[in-house]
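Asks: I'd like to ask some things about the structure below.
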Amino acid sequence: MKSADLEVLERALDWLNHGHQAHLFTVVQTWGSAPRLPGAVLVVRDDGHLIGSVSGGCIEDDLADKARNQTLPTQPSVMEYGISREDAQRFRIPCGGRLQIFVEPLQQASQLLPIVQNLRDRKLTKRSIRISTGEVKLTEVLPEGVPRIEGDWFHSYFGPQWRLLIIGANQLGSTLASMAQALDFEVLVCEPRQEIRDEWHVDGVTWVYGMPDDVVLDIAPDAHTAIVAVTHDPKLDDMALLEALKSDAFYVGVLGSQKNQEKRRERMRMFDLSEPEIATMRGPVGLRIGSRTPAEIAVAILAELIQVRAQQTTVGLAREVSCAA
């Protein structure tokens with residue numbers, strides 16, 4: 001779930017609250033080359049206004065035209081694009097591309113309010129729609145799954161935005177914060193040192209005040225949270241790690257050389273941390289790409305974050321398929 005998707009649903013909720021009707025479109029499955037992945041969402045208002053995306057733009061234009069002409073489905077149903085060569089050429093779908101999209105008419109705010117509230121509460125939720133009746137069921141789940149049609153039900157998944165807590169507001173911290181926002185992470189920053197905090201220049205972050213260990217506890221890290229300590233001050237970095245390594249954060253990393261990391265692991269063993277917990281610490285932080293400058297190190301950290309997130313999502317999907325079987 002990306003913040004842009006939450007924005008789509010919140011905007012749609014606002015439209016419904018102001019008397020508009022709309023349609024919610026979700027990419028169910030793609031074949032060949034496709035511009036958006038399964039789970040991507042789009043809402044088209046009854047007058048053709050739209051927010052979100054299911055393709056590169058031409059399919060959105062077609063759906064907006066259908067909305068204005070009142071030719072969109074009046075019941076939950078499935079639409080497909082790219083089946084024929086003419087279809088693919090008309091909508092500029094890449095060679096071999098094909099999209100299956102689930103469409104749900106929206107008449108009232110109550111259809112979206114519960115899922116929006118769950119997202120605001122950082123809950124991972126499976127939203128199931130009975131195709132024949134439009135009945136909706138919400139279930140808190142773990143792990144996340146992929147959209148799918150199962151008999152008379154369409155299942156889709158909505159989870160909280162990925163977020164990154166940065167311990168340290170130095171040059172690396174600010175560069176990392178700027179790049180992470182471009183990758184759609186919600187960025188939180190903890191910096192107890194006032195003289196460093198005063199020099200911060202990156203907009204859009206959320207400041208969390210207090211010592212690092214208290215801050216980690218306060219934000220209650222979940223499986224959509226990453227924590228990276230970059231102060232280069234062992235006292236501050238270690239404080240964050242003492243709580244972060246015991247949390248549900250999917251990624252915990254800390255700046256420092258290999259030699260310093262071994263010393264840090266020895267210090268961690270002096271506290272109530274188990275060997276498996278200590279082993280989850282990623283340090284030196286980031287992929288080994290020969291990075292030296294703050295920008296290069298930030299790229300290495302975010303690349304590893306993306307890699308670990310993708311690996312865990314793949315494992316989660318495999319678990320779901322196994323359980324379903």
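Chain labels run A, B, ... following the order of the structure tokens; each chain numbers its residues from 1, and ligands are numbered from 1 in the order shown.
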So which residues of range 38-237 of chain A fall under strand (DSSP E or B) by DSSP, listed as a PyMOL selection string?

Replies: chain A and resi 41-45+50-52+77-81+98-106+125-130+136-140+148-150+153-158+163-167+186-190+206-207+225-229

Asks: Can you pull out every residue within 10 Å of range 230-245 of chain A, counting only C-alpha atoms, but drop anything in the same chain fewer than 6 positions away, and send it as a PyMOL selection string?

Replies: chain A and resi 166-173+176+190-193+211-217+220-221+251-256+260+264-265+267-268+271-274+276-281+285

Asks: What does the structure give for the distance between CA of Val189 in chain A and CA of Ala249 in chain A, in Å to one decimal?

Replies: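 According to the coordinates, CA of Val189 in chain A and CA of Ala249 in chain A are separated by 15.6 Å.
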
Asks: In Å, with one decimal, what is the gap from CA of Tyr209 in chain A to CA of Ala303 in chain A?

Replies: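 Here the two named atoms are 27.4 Å from each other.
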
Asks: With only C-alpha atoms as the basis for distance, which of A:Gly52, A:Pro143, A:Gly290, A:Pro284 is at the shortest distance from Gln258 in chain A?

Replies: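 For Gln258 in chain A, the nearest of the given residues is A:Pro284.
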
Asks: Apply DSSP to the structure's backbone, then extract all residues of range 75-183 of chain A labelled alpha helix (DSSP H) and return them as a ChimeraX atom specification.

Replies: /A:85-90,113-120,171-182

Asks: Write to file, as a CSV table (one decimal), in the first residue's frame, the residues of the selection just made, with N, CA and C atoms.

Replies:
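Wrote part28.csv, looks like this:
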chain,number,residue,atom,x,y,z
A,85,ARG,N,-5.6,-7.4,-30.7
A,85,ARG,CA,-4.5,-6.5,-31.2
A,85,ARG,C,-5.0,-5.1,-31.3
A,86,GLU,N,-6.3,-4.9,-31.8
A,86,GLU,CA,-6.9,-3.6,-32.0
A,86,GLU,C,-7.0,-2.9,-30.7
A,87,ASP,N,-7.4,-3.7,-29.7
A,87,ASP,CA,-7.6,-3.1,-28.3
A,87,ASP,C,-6.2,-2.6,-27.8
A,88,ALA,N,-5.2,-3.5,-28.0
A,88,ALA,CA,-3.9,-3.1,-27.5
A,88,ALA,C,-3.4,-1.8,-28.2
A,89,GLN,N,-3.6,-1.7,-29.5
A,89,GLN,CA,-3.1,-0.6,-30.2
A,89,GLN,C,-3.9,0.7,-29.8
A,90,ARG,N,-5.2,0.5,-29.6
A,90,ARG,CA,-6.0,1.7,-29.3
A,90,ARG,C,-5.6,2.3,-28.0
A,113,LEU,N,-15.4,4.1,4.0
A,113,LEU,CA,-15.0,4.6,5.2
A,113,LEU,C,-14.3,3.6,6.1
A,114,PRO,N,-14.8,2.4,6.2
A,114,PRO,CA,-14.1,1.4,7.1
A,114,PRO,C,-12.7,1.1,6.7
A,115,ILE,N,-12.5,0.9,5.3
A,115,ILE,CA,-11.1,0.6,4.9
A,115,ILE,C,-10.2,1.8,5.0
A,116,VAL,N,-10.7,3.0,4.8
A,116,VAL,CA,-9.9,4.2,5.0
A,116,VAL,C,-9.5,4.3,6.5
A,117,GLN,N,-10.4,4.1,7.4
A,117,GLN,CA,-10.1,4.1,8.8
A,117,GLN,C,-9.1,3.1,9.2
A,118,ASN,N,-9.2,1.9,8.7
A,118,ASN,CA,-8.2,0.9,8.9
A,118,ASN,C,-6.8,1.3,8.5
A,119,LEU,N,-6.8,1.9,7.3
A,119,LEU,CA,-5.5,2.4,6.8
A,119,LEU,C,-4.9,3.5,7.7
A,120,ARG,N,-5.7,4.4,8.2
A,120,ARG,CA,-5.3,5.4,9.1
A,120,ARG,C,-4.8,4.8,10.4
A,171,GLN,N,23.9,15.2,7.7
A,171,GLN,CA,23.8,15.3,6.3
A,171,GLN,C,23.3,14.0,5.7
A,172,LEU,N,23.8,12.9,6.1
A,172,LEU,CA,23.3,11.6,5.6
A,172,LEU,C,21.8,11.4,5.9
A,173,GLY,N,21.4,11.8,7.1
A,173,GLY,CA,20.0,11.7,7.5
A,173,GLY,C,19.1,12.5,6.7
A,174,SER,N,19.5,13.7,6.3
A,174,SER,CA,18.7,14.6,5.5
A,174,SER,C,18.6,14.1,4.1
A,175,THR,N,19.7,13.6,3.6
A,175,THR,CA,19.7,13.1,2.2
A,175,THR,C,18.9,11.8,2.1
A,176,LEU,N,19.0,11.0,3.1
A,176,LEU,CA,18.2,9.8,3.2
A,176,LEU,C,16.7,10.1,3.2
A,177,ALA,N,16.3,11.1,4.0
A,177,ALA,CA,14.9,11.5,4.2
A,177,ALA,C,14.4,12.0,2.9
A,178,SER,N,15.1,12.8,2.2
A,178,SER,CA,14.7,13.4,0.9
A,178,SER,C,14.4,12.3,-0.1
A,179,MET,N,15.4,11.3,-0.2
A,179,MET,CA,15.2,10.3,-1.2
A,179,MET,C,14.1,9.3,-0.8
A,180,ALA,N,14.0,9.0,0.5
A,180,ALA,CA,12.9,8.1,0.9
A,180,ALA,C,11.5,8.6,0.6
A,181,GLN,N,11.4,9.9,0.7
A,181,GLN,CA,10.0,10.5,0.4
A,181,GLN,C,9.7,10.3,-1.1
A,182,ALA,N,10.8,10.5,-1.9
A,182,ALA,CA,10.5,10.3,-3.3
A,182,ALA,C,10.1,8.8,-3.6

Asks: Using 12 Å as the limit and counting only C-alpha atoms, can you tabulate each residue of range 84-197 of chain A that touches range 41-45 of chain A, with its shortest atom-to-atom distance in Å and the two atoms involved, as CSV?

Replies:
residue,atom,partner,partner_atom,distance
A:Ile101,CA,A:Val41,CA,9.3
A:Phe102,CA,A:Val41,CA,9.6
A:Val103,CA,A:Val43,CA,9.4
A:Glu104,CA,A:Val43,CA,9.5
A:Pro105,CA,A:Val43,CA,9.7
A:Leu106,CA,A:Arg45,CA,9.2
A:Gln107,CA,A:Arg45,CA,10.5
A:Leu112,CA,A:Val43,CA,11.5
A:Pro147,CA,A:Val41,CA,11.1
A:Ser156,CA,A:Val41,CA,10.3
A:Tyr157,CA,A:Val41,CA,11.0
A:Phe158,CA,A:Val41,CA,10.6

Asks: Please provide the set of residues having any atom within 9 Å of Glu80 in chain A, restricted to only C-alpha atoms, with same-chain residues fewer than 2 positions apart removed, written as a list in words.

Replies: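 Near Glu80 in chain A, the qualifying residues are Val78, Gly82, Ile83, Arg98, Leu99, Gln100, Ile101 and Phe102 of chain A.
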
Asks: Write the selection just made, keeping C-alpha atoms, as a short mmCIF file (atom, residue, chain, number, x, y, z; two decimals), in the first residue's frame?

Replies:
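The resulting file, result.cif, is reproduced below:
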data_model
loop_
_atom_site.label_atom_id
_atom_site.label_comp_id
_atom_site.auth_asym_id
_atom_site.auth_seq_id
_atom_site.Cartn_x
_atom_site.Cartn_y
_atom_site.Cartn_z
CA VAL A 78 -14.59 -7.55 -14.27
CA GLY A 82 -5.64 -5.72 -24.34
CA ILE A 83 -7.41 -8.92 -25.38
CA ARG A 98 -3.23 -7.39 -21.01
CA LEU A 99 -5.03 -6.13 -17.89
CA GLN A 100 -7.87 -7.58 -15.86
CA ILE A 101 -9.57 -4.91 -13.75
CA PHE A 102 -12.22 -5.29 -11.08
#

Asks: Which is closer to Ala226 in chain A than all the others in A:Thr125, A:Gly57, A:Gln75, A:Arg309, using only C-alpha atoms?

Replies: A:Arg309

Asks: How far is it from CA of Ala64 in chain A to CA of Gly48 in chain A, in Å with one decimal?

Replies: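 Interatomic distance, CA of Ala64 in chain A to CA of Gly48 in chain A: 4.4 Å.
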